[in-house]
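Enquirer: My file is my_file28.tsv. It has TSV, N, CA and C atoms:
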chain	number	residue	atom	x	y	z
A	1116	MET	N	20.81	-29.28	8.60
A	1116	MET	CA	19.47	-28.81	8.51
A	1116	MET	C	19.51	-27.30	8.26
A	1117	ALA	N	19.24	-26.92	7.05
A	1117	ALA	CA	19.32	-25.52	6.66
A	1117	ALA	C	17.92	-24.90	6.65
A	1118	LEU	N	17.88	-23.67	7.03
A	1118	LEU	CA	16.64	-22.92	7.02
A	1118	LEU	C	16.48	-22.28	5.64
A	1119	LYS	N	15.41	-22.60	4.96
A	1119	LYS	CA	15.17	-22.03	3.64
A	1119	LYS	C	14.13	-20.93	3.75
A	1120	VAL	N	14.53	-19.73	3.35
A	1120	VAL	CA	13.64	-18.58	3.40
A	1120	VAL	C	13.48	-18.06	1.98
A	1121	LYS	N	12.24	-17.91	1.57
A	1121	LYS	CA	11.97	-17.38	0.24
A	1121	LYS	C	11.89	-15.86	0.32
A	1122	THR	N	12.71	-15.18	-0.47
A	1122	THR	CA	12.69	-13.72	-0.49
A	1122	THR	C	12.05	-13.25	-1.79
A	1123	ALA	N	11.36	-12.13	-1.69
A	1123	ALA	CA	10.69	-11.57	-2.86
A	1123	ALA	C	11.63	-10.60	-3.57
A	1124	GLU	N	11.33	-10.34	-4.80
A	1124	GLU	CA	12.11	-9.37	-5.56
A	1124	GLU	C	11.84	-7.97	-5.04
A	1125	THR	N	12.78	-7.08	-5.27
A	1125	THR	CA	12.68	-5.71	-4.78
A	1125	THR	C	11.45	-5.01	-5.35
A	1126	LYS	N	11.16	-5.23	-6.62
A	1126	LYS	CA	10.01	-4.58	-7.25
A	1126	LYS	C	8.71	-5.02	-6.60
A	1127	VAL	N	8.59	-6.29	-6.29
A	1127	VAL	CA	7.38	-6.81	-5.64
A	1127	VAL	C	7.24	-6.21	-4.24
A	1128	VAL	N	8.34	-6.12	-3.52
A	1128	VAL	CA	8.31	-5.56	-2.17
A	1128	VAL	C	7.90	-4.09	-2.22
A	1129	LEU	N	8.45	-3.33	-3.15
A	1129	LEU	CA	8.12	-1.90	-3.25
A	1129	LEU	C	6.67	-1.69	-3.66
A	1130	VAL	N	6.16	-2.51	-4.57
A	1130	VAL	CA	4.76	-2.41	-4.96
A	1130	VAL	C	3.85	-2.74	-3.78
A	1131	ASN	N	4.19	-3.81	-3.06
A	1131	ASN	CA	3.40	-4.17	-1.87
A	1131	ASN	C	3.46	-3.07	-0.82
A	1132	LEU	N	4.63	-2.46	-0.64
A	1132	LEU	CA	4.76	-1.38	0.32
A	1132	LEU	C	3.93	-0.17	-0.09
A	1133	LEU	N	3.93	0.15	-1.36
A	1133	LEU	CA	3.10	1.25	-1.84
A	1133	LEU	C	1.62	0.97	-1.62
A	1134	ILE	N	1.21	-0.25	-1.92
A	1134	ILE	CA	-0.20	-0.64	-1.69
A	1134	ILE	C	-0.53	-0.53	-0.21
A	1135	CYS	N	0.37	-0.99	0.66
A	1135	CYS	CA	0.13	-0.93	2.10
A	1135	CYS	C	0.04	0.51	2.60
A	1136	ILE	N	0.86	1.40	2.06
A	1136	ILE	CA	0.81	2.80	2.47
A	1136	ILE	C	-0.51	3.43	2.03
A	1137	VAL	N	-0.94	3.15	0.81
A	1137	VAL	CA	-2.22	3.68	0.32
A	1137	VAL	C	-3.37	3.12	1.15
A	1138	VAL	N	-3.33	1.84	1.46
A	1138	VAL	CA	-4.37	1.23	2.30
A	1138	VAL	C	-4.37	1.87	3.69
A	1139	PHE	N	-3.19	2.09	4.26
A	1139	PHE	CA	-3.10	2.67	5.60
A	1139	PHE	C	-3.75	4.05	5.64
A	1140	TYR	N	-3.38	4.93	4.73
A	1140	TYR	CA	-3.93	6.28	4.78
A	1140	TYR	C	-5.40	6.32	4.35
A	1141	THR	N	-5.81	5.44	3.47
A	1141	THR	CA	-7.24	5.37	3.12
A	1141	THR	C	-8.06	4.94	4.32
A	1142	VAL	N	-7.63	3.88	4.98
A	1142	VAL	CA	-8.34	3.42	6.18
A	1142	VAL	C	-8.30	4.50	7.26
A	1143	TYR	N	-7.17	5.16	7.40
A	1143	TYR	CA	-7.05	6.19	8.44
A	1143	TYR	C	-8.06	7.31	8.23
A	1144	TYR	N	-8.17	7.81	7.01
A	1144	TYR	CA	-9.09	8.92	6.78
A	1144	TYR	C	-10.55	8.48	6.83
A	1145	VAL	N	-10.85	7.25	6.46
A	1145	VAL	CA	-12.23	6.75	6.60
A	1145	VAL	C	-12.59	6.63	8.08
A	1146	VAL	N	-11.71	6.01	8.86
A	1146	VAL	CA	-11.96	5.86	10.30
A	1146	VAL	C	-12.00	7.23	10.98
A	1147	LEU	N	-11.13	8.13	10.56
A	1147	LEU	CA	-11.12	9.48	11.12
A	1147	LEU	C	-12.44	10.20	10.85
A	1148	SER	N	-12.97	10.05	9.64
A	1148	SER	CA	-14.26	10.67	9.31
A	1148	SER	C	-15.39	10.09	10.16
A	1149	VAL	N	-15.38	8.77	10.35
A	1149	VAL	CA	-16.41	8.15	11.18
A	1149	VAL	C	-16.29	8.62	12.63
A	1150	CYS	N	-15.07	8.70	13.14
A	1150	CYS	CA	-14.88	9.17	14.51
A	1150	CYS	C	-15.29	10.63	14.67
A	1151	PHE	N	-15.03	11.44	13.68
A	1151	PHE	CA	-15.47	12.84	13.73
A	1151	PHE	C	-16.99	12.91	13.78
A	1152	ALA	N	-17.67	12.03	13.03
A	1152	ALA	CA	-19.13	12.02	13.05
A	1152	ALA	C	-19.66	11.51	14.38
A	1153	VAL	N	-19.03	10.48	14.93
A	1153	VAL	CA	-19.48	9.92	16.20
A	1153	VAL	C	-19.30	10.91	17.35
A	1154	PHE	N	-18.18	11.60	17.37
A	1154	PHE	CA	-17.91	12.57	18.42
A	1154	PHE	C	-18.52	13.94	18.12
A	1155	ARG	N	-19.17	14.08	16.98
A	1155	ARG	CA	-19.84	15.32	16.55
A	1155	ARG	C	-18.90	16.52	16.56
A	1156	ILE	N	-17.74	16.30	15.98
A	1156	ILE	CA	-16.78	17.40	15.82
A	1156	ILE	C	-16.94	17.95	14.42
A	1157	LYS	N	-17.07	19.24	14.32
A	1157	LYS	CA	-17.42	19.84	13.04
A	1157	LYS	C	-16.21	20.20	12.18
A	1158	MET	N	-15.03	20.25	12.74
A	1158	MET	CA	-13.87	20.67	11.98
A	1158	MET	C	-13.02	19.46	11.59
A	1159	LEU	N	-13.18	19.01	10.36
A	1159	LEU	CA	-12.35	17.92	9.83
A	1159	LEU	C	-11.53	18.47	8.68
A	1160	ASP	N	-10.24	18.51	8.87
A	1160	ASP	CA	-9.36	18.96	7.80
A	1160	ASP	C	-8.48	17.80	7.37
A	1161	GLY	N	-7.88	17.92	6.23
A	1161	GLY	CA	-7.04	16.86	5.70
A	1161	GLY	C	-5.71	16.71	6.41
A	1162	LEU	N	-5.39	17.66	7.28
A	1162	LEU	CA	-4.10	17.62	7.98
A	1162	LEU	C	-4.21	17.05	9.38
A	1163	ALA	N	-5.25	16.29	9.65
A	1163	ALA	CA	-5.46	15.75	11.00
A	1163	ALA	C	-4.29	14.93	11.52
A	1164	PRO	N	-3.68	14.03	10.73
A	1164	PRO	CA	-2.56	13.29	11.32
A	1164	PRO	C	-1.30	14.12	11.50
A	1165	PHE	N	-1.29	15.31	10.94
A	1165	PHE	CA	-0.12	16.18	11.03
A	1165	PHE	C	-0.35	17.35	11.97
A	1166	ASP	N	-1.36	17.24	12.83
A	1166	ASP	CA	-1.72	18.33	13.74
A	1166	ASP	C	-0.86	18.26	14.99
A	1167	PHE	N	-0.02	19.27	15.19
A	1167	PHE	CA	0.84	19.30	16.36
A	1167	PHE	C	0.38	20.34	17.38
A	1168	LYS	N	-0.72	21.02	17.09
A	1168	LYS	CA	-1.17	22.08	17.98
A	1168	LYS	C	-2.22	21.60	18.98
A	1169	THR	N	-2.73	20.39	18.82
A	1169	THR	CA	-3.74	19.87	19.73
A	1169	THR	C	-3.11	19.47	21.05
A	1170	ASN	N	-3.69	19.96	22.13
A	1170	ASN	CA	-3.19	19.60	23.45
A	1170	ASN	C	-3.54	18.14	23.75
A	1171	PRO	N	-2.55	17.33	24.11
A	1171	PRO	CA	-2.83	15.93	24.43
A	1171	PRO	C	-3.53	15.81	25.78
A	1172	SER	N	-4.84	15.74	25.73
A	1172	SER	CA	-5.63	15.65	26.94
A	1172	SER	C	-6.79	14.69	26.69
A	1173	TRP	N	-7.07	13.83	27.64
A	1173	TRP	CA	-8.17	12.88	27.48
A	1173	TRP	C	-9.53	13.57	27.54
A	1174	ILE	N	-9.55	14.81	27.95
A	1174	ILE	CA	-10.80	15.58	28.00
A	1174	ILE	C	-11.10	16.20	26.64
A	1175	ASN	N	-10.07	16.48	25.86
A	1175	ASN	CA	-10.21	17.11	24.55
A	1175	ASN	C	-10.75	16.10	23.55
A	1176	PRO	N	-11.97	16.29	23.04
A	1176	PRO	CA	-12.54	15.31	22.10
A	1176	PRO	C	-11.79	15.22	20.78
A	1177	TYR	N	-11.21	16.33	20.33
A	1177	TYR	CA	-10.44	16.30	19.09
A	1177	TYR	C	-9.22	15.39	19.23
A	1178	TYR	N	-8.54	15.47	20.37
A	1178	TYR	CA	-7.40	14.59	20.63
A	1178	TYR	C	-7.85	13.14	20.71
A	1179	LEU	N	-8.97	12.89	21.37
A	1179	LEU	CA	-9.50	11.52	21.46
A	1179	LEU	C	-9.80	10.94	20.09
A	1180	VAL	N	-10.36	11.76	19.21
A	1180	VAL	CA	-10.65	11.30	17.85
A	1180	VAL	C	-9.36	10.91	17.14
A	1181	LEU	N	-8.32	11.70	17.27
A	1181	LEU	CA	-7.04	11.40	16.62
A	1181	LEU	C	-6.45	10.10	17.15
A	1182	VAL	N	-6.48	9.91	18.46
A	1182	VAL	CA	-5.89	8.71	19.06
A	1182	VAL	C	-6.70	7.46	18.73
A	1183	ILE	N	-8.02	7.55	18.89
A	1183	ILE	CA	-8.88	6.39	18.63
A	1183	ILE	C	-8.83	5.99	17.17
A	1184	SER	N	-8.88	6.96	16.28
A	1184	SER	CA	-8.86	6.64	14.85
A	1184	SER	C	-7.52	6.01	14.45
A	1185	LEU	N	-6.43	6.47	15.04
A	1185	LEU	CA	-5.13	5.88	14.71
A	1185	LEU	C	-5.03	4.45	15.24
A	1186	GLU	N	-5.53	4.20	16.43
A	1186	GLU	CA	-5.48	2.84	16.99
A	1186	GLU	C	-6.36	1.88	16.20
A	1187	ILE	N	-7.54	2.32	15.80
A	1187	ILE	CA	-8.42	1.47	14.98
A	1187	ILE	C	-7.78	1.22	13.62
A	1188	THR	N	-7.13	2.24	13.08
A	1188	THR	CA	-6.46	2.08	11.79
A	1188	THR	C	-5.35	1.04	11.86
A	1189	PHE	N	-4.56	1.08	12.92
A	1189	PHE	CA	-3.50	0.08	13.06
A	1189	PHE	C	-4.06	-1.33	13.14
A	1190	PHE	N	-5.16	-1.52	13.86
A	1190	PHE	CA	-5.75	-2.84	13.97
A	1190	PHE	C	-6.32	-3.32	12.64
A	1191	VAL	N	-7.09	-2.47	11.97
A	1191	VAL	CA	-7.71	-2.85	10.69
A	1191	VAL	C	-6.65	-3.07	9.62
A	1192	CYS	N	-5.63	-2.23	9.59
A	1192	CYS	CA	-4.59	-2.38	8.58
A	1192	CYS	C	-3.78	-3.65	8.78
A	1193	GLY	N	-3.62	-4.09	10.01
A	1193	GLY	CA	-2.97	-5.36	10.24
A	1193	GLY	C	-3.71	-6.50	9.58
A	1194	LEU	N	-5.03	-6.44	9.61
A	1194	LEU	CA	-5.84	-7.46	8.94
A	1194	LEU	C	-5.79	-7.32	7.43
A	1195	LEU	N	-5.83	-6.08	6.94
A	1195	LEU	CA	-5.82	-5.85	5.50
A	1195	LEU	C	-4.44	-6.14	4.88
A	1196	PHE	N	-3.38	-5.86	5.62
A	1196	PHE	CA	-2.05	-6.16	5.11
A	1196	PHE	C	-1.87	-7.65	4.88
A	1197	ALA	N	-2.53	-8.46	5.69
A	1197	ALA	CA	-2.45	-9.92	5.49
A	1197	ALA	C	-3.06	-10.31	4.15
A	1198	LEU	N	-4.08	-9.59	3.70
A	1198	LEU	CA	-4.66	-9.87	2.39
A	1198	LEU	C	-3.77	-9.40	1.25
A	1199	VAL	N	-3.03	-8.33	1.48
A	1199	VAL	CA	-2.19	-7.77	0.43
A	1199	VAL	C	-0.89	-8.55	0.28
A	1200	VAL	N	-0.19	-8.78	1.39
A	1200	VAL	CA	1.15	-9.35	1.30
A	1200	VAL	C	1.21	-10.83	1.62
A	1201	GLU	N	0.19	-11.38	2.23
A	1201	GLU	CA	0.03	-12.80	2.55
A	1201	GLU	C	0.99	-13.29	3.63
A	1202	GLU	N	2.20	-12.80	3.68
A	1202	GLU	CA	3.15	-13.15	4.72
A	1202	GLU	C	4.05	-11.96	4.97
A	1203	TRP	N	4.86	-12.02	5.99
A	1203	TRP	CA	5.70	-10.92	6.40
A	1203	TRP	C	4.88	-9.67	6.73
A	1204	VAL	N	3.70	-9.85	7.30
A	1204	VAL	CA	2.83	-8.73	7.64
A	1204	VAL	C	3.52	-7.80	8.64
A	1205	TRP	N	4.24	-8.38	9.59
A	1205	TRP	CA	4.91	-7.57	10.61
A	1205	TRP	C	5.92	-6.62	9.97
A	1206	ASP	N	6.60	-7.07	8.92
A	1206	ASP	CA	7.62	-6.26	8.27
A	1206	ASP	C	6.99	-5.05	7.59
A	1207	TYR	N	5.90	-5.28	6.87
A	1207	TYR	CA	5.22	-4.17	6.21
A	1207	TYR	C	4.56	-3.25	7.23
A	1208	ALA	N	4.02	-3.80	8.31
A	1208	ALA	CA	3.39	-2.97	9.34
A	1208	ALA	C	4.41	-2.06	10.01
A	1209	VAL	N	5.57	-2.60	10.33
A	1209	VAL	CA	6.62	-1.78	10.96
A	1209	VAL	C	7.11	-0.72	9.98
A	1210	THR	N	7.30	-1.09	8.73
A	1210	THR	CA	7.79	-0.13	7.73
A	1210	THR	C	6.79	0.99	7.50
A	1211	VAL	N	5.51	0.67	7.39
A	1211	VAL	CA	4.48	1.70	7.20
A	1211	VAL	C	4.41	2.59	8.43
A	1212	THR	N	4.54	2.02	9.62
A	1212	THR	CA	4.52	2.82	10.84
A	1212	THR	C	5.71	3.78	10.88
A	1213	ILE	N	6.88	3.30	10.52
A	1213	ILE	CA	8.06	4.17	10.50
A	1213	ILE	C	7.91	5.27	9.47
A	1214	ILE	N	7.38	4.93	8.30
A	1214	ILE	CA	7.13	5.96	7.27
A	1214	ILE	C	6.13	6.98	7.78
A	1215	HIS	N	5.08	6.52	8.46
A	1215	HIS	CA	4.08	7.44	9.01
A	1215	HIS	C	4.71	8.37	10.06
A	1216	ILE	N	5.55	7.83	10.92
A	1216	ILE	CA	6.20	8.64	11.94
A	1216	ILE	C	7.12	9.67	11.29
A	1217	ILE	N	7.88	9.25	10.29
A	1217	ILE	CA	8.78	10.18	9.61
A	1217	ILE	C	7.99	11.29	8.92
A	1218	VAL	N	6.92	10.93	8.24
A	1218	VAL	CA	6.13	11.93	7.53
A	1218	VAL	C	5.47	12.89	8.51
A	1219	THR	N	4.95	12.37	9.62
A	1219	THR	CA	4.25	13.26	10.56
A	1219	THR	C	5.20	14.07	11.42
A	1220	SER	N	6.39	13.55	11.70
A	1220	SER	CA	7.30	14.32	12.56
A	1220	SER	C	8.17	15.29	11.76
A	1221	VAL	N	8.67	14.87	10.64
A	1221	VAL	CA	9.51	15.75	9.83
A	1221	VAL	C	8.64	16.75	9.07
A	1222	GLY	N	7.51	16.32	8.65
A	1222	GLY	CA	6.61	17.18	7.90
A	1222	GLY	C	6.68	16.87	6.43
A	1223	SER	N	5.55	16.99	5.81
A	1223	SER	CA	5.49	16.65	4.39
A	1223	SER	C	6.19	17.70	3.53
A	1224	GLY	N	6.37	18.90	4.05
A	1224	GLY	CA	7.04	19.95	3.28
A	1224	GLY	C	8.50	19.62	3.00
A	1225	VAL	N	9.20	19.14	4.01
A	1225	VAL	CA	10.61	18.80	3.84
A	1225	VAL	C	10.76	17.62	2.89
A	1226	ILE	N	9.91	16.62	3.08
A	1226	ILE	CA	9.99	15.43	2.23
A	1226	ILE	C	9.66	15.77	0.78
A	1227	SER	N	8.62	16.59	0.57
A	1227	SER	CA	8.29	16.96	-0.81
A	1227	SER	C	9.37	17.83	-1.43
A	1228	MET	N	10.02	18.66	-0.62
A	1228	MET	CA	11.11	19.49	-1.13
A	1228	MET	C	12.29	18.63	-1.56
A	1229	ILE	N	12.64	17.65	-0.73
A	1229	ILE	CA	13.77	16.78	-1.07
A	1229	ILE	C	13.44	15.93	-2.29
A	1230	CYS	N	12.28	15.28	-2.27
A	1230	CYS	CA	11.92	14.40	-3.40
A	1230	CYS	C	11.72	15.20	-4.68
A	1231	GLY	N	11.03	16.33	-4.57
A	1231	GLY	CA	10.81	17.15	-5.76
A	1231	GLY	C	12.10	17.69	-6.34
A	1232	GLY	N	13.00	18.14	-5.47
A	1232	GLY	CA	14.29	18.63	-5.94
A	1232	GLY	C	15.13	17.54	-6.57
A	1233	GLN	N	15.11	16.35	-5.98
A	1233	GLN	CA	15.89	15.24	-6.53
A	1233	GLN	C	15.33	14.81	-7.89
A	1234	ILE	N	14.02	14.76	-8.02
A	1234	ILE	CA	13.41	14.38	-9.30
A	1234	ILE	C	13.72	15.44	-10.37
A	1235	LEU	N	13.62	16.71	-10.00
A	1235	LEU	CA	13.93	17.78	-10.94
A	1235	LEU	C	15.39	17.73	-11.37
A	1236	ALA	N	16.29	17.50	-10.41
A	1236	ALA	CA	17.71	17.40	-10.74
A	1236	ALA	C	17.97	16.21	-11.66
A	1237	TYR	N	17.30	15.12	-11.42
A	1237	TYR	CA	17.48	13.94	-12.29
A	1237	TYR	C	16.97	14.23	-13.70
A	1238	CYS	N	15.81	14.88	-13.80
A	1238	CYS	CA	15.25	15.17	-15.13
A	1238	CYS	C	16.09	16.20	-15.89
A	1239	LEU	N	16.58	17.22	-15.20
A	1239	LEU	CA	17.35	18.27	-15.87
A	1239	LEU	C	18.76	17.82	-16.23
A	1240	PHE	N	19.36	17.01	-15.36
A	1240	PHE	CA	20.75	16.63	-15.56
A	1240	PHE	C	20.89	15.12	-15.76
A	1241	LYS	N	20.00	14.56	-16.54
A	1241	LYS	CA	19.99	13.12	-16.76
A	1241	LYS	C	21.27	12.63	-17.44
A	1242	ASP	N	21.81	13.45	-18.33
A	1242	ASP	CA	22.99	13.03	-19.08
A	1242	ASP	C	24.25	12.95	-18.21
A	1243	ASN	N	24.37	13.84	-17.25
A	1243	ASN	CA	25.58	13.82	-16.41
A	1243	ASN	C	25.24	13.55	-14.95
A	1244	PHE	N	24.20	12.75	-14.71
A	1244	PHE	CA	23.80	12.38	-13.36
A	1244	PHE	C	24.80	11.37	-12.80
A	1245	ILE	N	25.20	11.53	-11.57
A	1245	ILE	CA	26.22	10.66	-10.97
A	1245	ILE	C	25.53	9.48	-10.31
A	1246	TYR	N	25.86	8.29	-10.79
A	1246	TYR	CA	25.35	7.05	-10.20
A	1246	TYR	C	26.44	6.44	-9.35
A	1247	PRO	N	26.19	6.25	-8.07
A	1247	PRO	CA	27.27	5.68	-7.24
A	1247	PRO	C	27.51	4.22	-7.57
A	1248	ILE	N	28.74	3.81	-7.48
A	1248	ILE	CA	29.11	2.42	-7.69
A	1248	ILE	C	29.09	1.72	-6.34
A	1249	LEU	N	28.19	0.79	-6.18
A	1249	LEU	CA	28.01	0.13	-4.90
A	1249	LEU	C	28.50	-1.30	-4.92
A	1250	ASP	N	29.32	-1.66	-5.89
A	1250	ASP	CA	29.81	-3.03	-5.97
A	1250	ASP	C	30.70	-3.40	-4.80
A	1251	ASP	N	31.56	-2.48	-4.38
A	1251	ASP	CA	32.49	-2.75	-3.29
A	1251	ASP	C	31.99	-2.24	-1.95
A	1252	PHE	N	30.72	-1.93	-1.86
A	1252	PHE	CA	30.19	-1.35	-0.64
A	1252	PHE	C	30.06	-2.37	0.46
Have the structure of the file written as structure tokens, please.
Expert:
Amino acid sequence: MALKVKTAETKVVLVNLLICIVVFYTVYYVVLSVCFAVFRIKMLDGLAPFDFKTNPSWINPYYLVLVISLEITFFVCGLLFALVVEEWVWDYAVTVTIIHIIVTSVGSGVISMICGGQILAYCLFKDNFIYPILDDF
């Protein structure tokens, strides 16, 4: 009795992951805007998920908005991911969460510097770019 598991192609997985990331941040900023309006906080900037200066206190309404909006986003995105990927929702949810943690903890500056530099190096040195051989890996 063998267990048969259907796996998707890498391109399909990456496209679904990209869609899930876009859905996650779209839902996050929509929910964040609604929470800012409900709590009547006047300062909404685009860097809200990357704010490390807010004191974590249940009395601080700005901190409450960040926590509540993130929790609502996780719940809503779990439902929306089911529409996008149809199965393996837990895998995409964990991956998007890890990507979100990496982006918010490391900072978008480091990631954009690495990705931008790698893309520039690939474009400038396309003819002598080193491709690793992973056959015996």
Enquirer: Quote the spacing between atom N of Ala1152 (chain A) and CA of Val1182 (chain A) in Å to one decimal place.
Expert: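 These two atoms are separated by 13.6 Å.
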Enquirer: Leaving out Phe1139 (chain A) and any residue of its chain fewer than 2 positions from it, which residues lie within 8 Å of it when counting only C-alpha atoms, given as a short mmCIF file (atom, residue, chain, number, x, y, z; two decimals) with N, CA and C atoms, keeping the file's coordinate frame?
Expert:
data_model
loop_
_atom_site.label_atom_id
_atom_site.label_comp_id
_atom_site.auth_asym_id
_atom_site.auth_seq_id
_atom_site.Cartn_x
_atom_site.Cartn_y
_atom_site.Cartn_z
N CYS A 1135 0.37 -0.99 0.66
CA CYS A 1135 0.13 -0.93 2.10
C CYS A 1135 0.04 0.51 2.60
N ILE A 1136 0.86 1.40 2.06
CA ILE A 1136 0.81 2.80 2.47
C ILE A 1136 -0.51 3.43 2.03
N VAL A 1137 -0.94 3.15 0.81
CA VAL A 1137 -2.22 3.68 0.32
C VAL A 1137 -3.37 3.12 1.15
N THR A 1141 -5.81 5.44 3.47
CA THR A 1141 -7.24 5.37 3.12
C THR A 1141 -8.06 4.94 4.32
N VAL A 1142 -7.63 3.88 4.98
CA VAL A 1142 -8.34 3.42 6.18
C VAL A 1142 -8.30 4.50 7.26
N TYR A 1143 -7.17 5.16 7.40
CA TYR A 1143 -7.05 6.19 8.44
C TYR A 1143 -8.06 7.31 8.23
N THR A 1188 -7.13 2.24 13.08
CA THR A 1188 -6.46 2.08 11.79
C THR A 1188 -5.35 1.04 11.86
N PHE A 1189 -4.56 1.08 12.92
CA PHE A 1189 -3.50 0.08 13.06
C PHE A 1189 -4.06 -1.33 13.14
N CYS A 1192 -5.63 -2.23 9.59
CA CYS A 1192 -4.59 -2.38 8.58
C CYS A 1192 -3.78 -3.65 8.78
N VAL A 1211 5.51 0.67 7.39
CA VAL A 1211 4.48 1.70 7.20
C VAL A 1211 4.41 2.59 8.43
#
Enquirer: Just give me the gap between atom N of Tyr1144 (chain A) and atom C of Val1127 (chain A) in Å, one decimal is fine.
Expert: 23.7 Å
Enquirer: At what distance in Å, to one decimal, does CA of Ile1156 (chain A) lie from CA of Ile1216 (chain A)?
Expert: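 Here the two named atoms are 24.9 Å from each other.
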Enquirer: Would you pick out the contacts of Val1128 (chain A) at 12 Å or less, using only C-alpha atoms, so that residues sharing its chain but fewer than 2 positions from it are not included, and give the list as a PDB file with N, CA and C atoms, in the coordinates of the input?
Expert:
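In the end it all went to out_26.pdb:
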ATOM      1  N   THR A1122      12.710 -15.180  -0.470  1.00  0.00           N
ATOM      2  CA  THR A1122      12.690 -13.720  -0.490  1.00  0.00           C
ATOM      3  C   THR A1122      12.050 -13.250  -1.790  1.00  0.00           C
ATOM      4  N   ALA A1123      11.360 -12.130  -1.690  1.00  0.00           N
ATOM      5  CA  ALA A1123      10.690 -11.570  -2.860  1.00  0.00           C
ATOM      6  C   ALA A1123      11.630 -10.600  -3.570  1.00  0.00           C
ATOM      7  N   GLU A1124      11.330 -10.340  -4.800  1.00  0.00           N
ATOM      8  CA  GLU A1124      12.110  -9.370  -5.560  1.00  0.00           C
ATOM      9  C   GLU A1124      11.840  -7.970  -5.040  1.00  0.00           C
ATOM     10  N   THR A1125      12.780  -7.080  -5.270  1.00  0.00           N
ATOM     11  CA  THR A1125      12.680  -5.710  -4.780  1.00  0.00           C
ATOM     12  C   THR A1125      11.450  -5.010  -5.350  1.00  0.00           C
ATOM     13  N   LYS A1126      11.160  -5.230  -6.620  1.00  0.00           N
ATOM     14  CA  LYS A1126      10.010  -4.580  -7.250  1.00  0.00           C
ATOM     15  C   LYS A1126       8.710  -5.020  -6.600  1.00  0.00           C
ATOM     16  N   VAL A1130       6.160  -2.510  -4.570  1.00  0.00           N
ATOM     17  CA  VAL A1130       4.760  -2.410  -4.960  1.00  0.00           C
ATOM     18  C   VAL A1130       3.850  -2.740  -3.780  1.00  0.00           C
ATOM     19  N   ASN A1131       4.190  -3.810  -3.060  1.00  0.00           N
ATOM     20  CA  ASN A1131       3.400  -4.170  -1.870  1.00  0.00           C
ATOM     21  C   ASN A1131       3.460  -3.070  -0.820  1.00  0.00           C
ATOM     22  N   LEU A1132       4.630  -2.460  -0.640  1.00  0.00           N
ATOM     23  CA  LEU A1132       4.760  -1.380   0.320  1.00  0.00           C
ATOM     24  C   LEU A1132       3.930  -0.170  -0.090  1.00  0.00           C
ATOM     25  N   LEU A1133       3.930   0.150  -1.360  1.00  0.00           N
ATOM     26  CA  LEU A1133       3.100   1.250  -1.840  1.00  0.00           C
ATOM     27  C   LEU A1133       1.620   0.970  -1.620  1.00  0.00           C
ATOM     28  N   ILE A1134       1.210  -0.250  -1.920  1.00  0.00           N
ATOM     29  CA  ILE A1134      -0.200  -0.640  -1.690  1.00  0.00           C
ATOM     30  C   ILE A1134      -0.530  -0.530  -0.210  1.00  0.00           C
ATOM     31  N   CYS A1135       0.370  -0.990   0.660  1.00  0.00           N
ATOM     32  CA  CYS A1135       0.130  -0.930   2.100  1.00  0.00           C
ATOM     33  C   CYS A1135       0.040   0.510   2.600  1.00  0.00           C
ATOM     34  N   VAL A1199      -3.030  -8.330   1.480  1.00  0.00           N
ATOM     35  CA  VAL A1199      -2.190  -7.770   0.430  1.00  0.00           C
ATOM     36  C   VAL A1199      -0.890  -8.550   0.280  1.00  0.00           C
ATOM     37  N   VAL A1200      -0.190  -8.780   1.390  1.00  0.00           N
ATOM     38  CA  VAL A1200       1.150  -9.350   1.300  1.00  0.00           C
ATOM     39  C   VAL A1200       1.210 -10.830   1.620  1.00  0.00           C
ATOM     40  N   GLU A1201       0.190 -11.380   2.230  1.00  0.00           N
ATOM     41  CA  GLU A1201       0.030 -12.800   2.550  1.00  0.00           C
ATOM     42  C   GLU A1201       0.990 -13.290   3.630  1.00  0.00           C
ATOM     43  N   GLU A1202       2.200 -12.800   3.680  1.00  0.00           N
ATOM     44  CA  GLU A1202       3.150 -13.150   4.720  1.00  0.00           C
ATOM     45  C   GLU A1202       4.050 -11.960   4.970  1.00  0.00           C
ATOM     46  N   TRP A1203       4.860 -12.020   5.990  1.00  0.00           N
ATOM     47  CA  TRP A1203       5.700 -10.920   6.400  1.00  0.00           C
ATOM     48  C   TRP A1203       4.880  -9.670   6.730  1.00  0.00           C
ATOM     49  N   VAL A1204       3.700  -9.850   7.300  1.00  0.00           N
ATOM     50  CA  VAL A1204       2.830  -8.730   7.640  1.00  0.00           C
ATOM     51  C   VAL A1204       3.520  -7.800   8.640  1.00  0.00           C
ATOM     52  N   ASP A1206       6.600  -7.070   8.920  1.00  0.00           N
ATOM     53  CA  ASP A1206       7.620  -6.260   8.270  1.00  0.00           C
ATOM     54  C   ASP A1206       6.990  -5.050   7.590  1.00  0.00           C
ATOM     55  N   TYR A1207       5.900  -5.280   6.870  1.00  0.00           N
ATOM     56  CA  TYR A1207       5.220  -4.170   6.210  1.00  0.00           C
ATOM     57  C   TYR A1207       4.560  -3.250   7.230  1.00  0.00           C
ATOM     58  N   THR A1210       7.300  -1.090   8.730  1.00  0.00           N
ATOM     59  CA  THR A1210       7.790  -0.130   7.730  1.00  0.00           C
ATOM     60  C   THR A1210       6.790   0.990   7.500  1.00  0.00           C
TER      61      THR A1210
END
Enquirer: If you take every atom of region 1124-1141 of chain A that the file lists and fit an axis-aligned box around them with 3 Å extra on each side, what centre and edge lengths come out in Å to one decimal, as AutoDock Vina command-line options?
Expert:
--center_x 2.4 --center_y -2.0 --center_z -0.8 --size_x 26.8 --size_y 22.7 --size_z 18.9
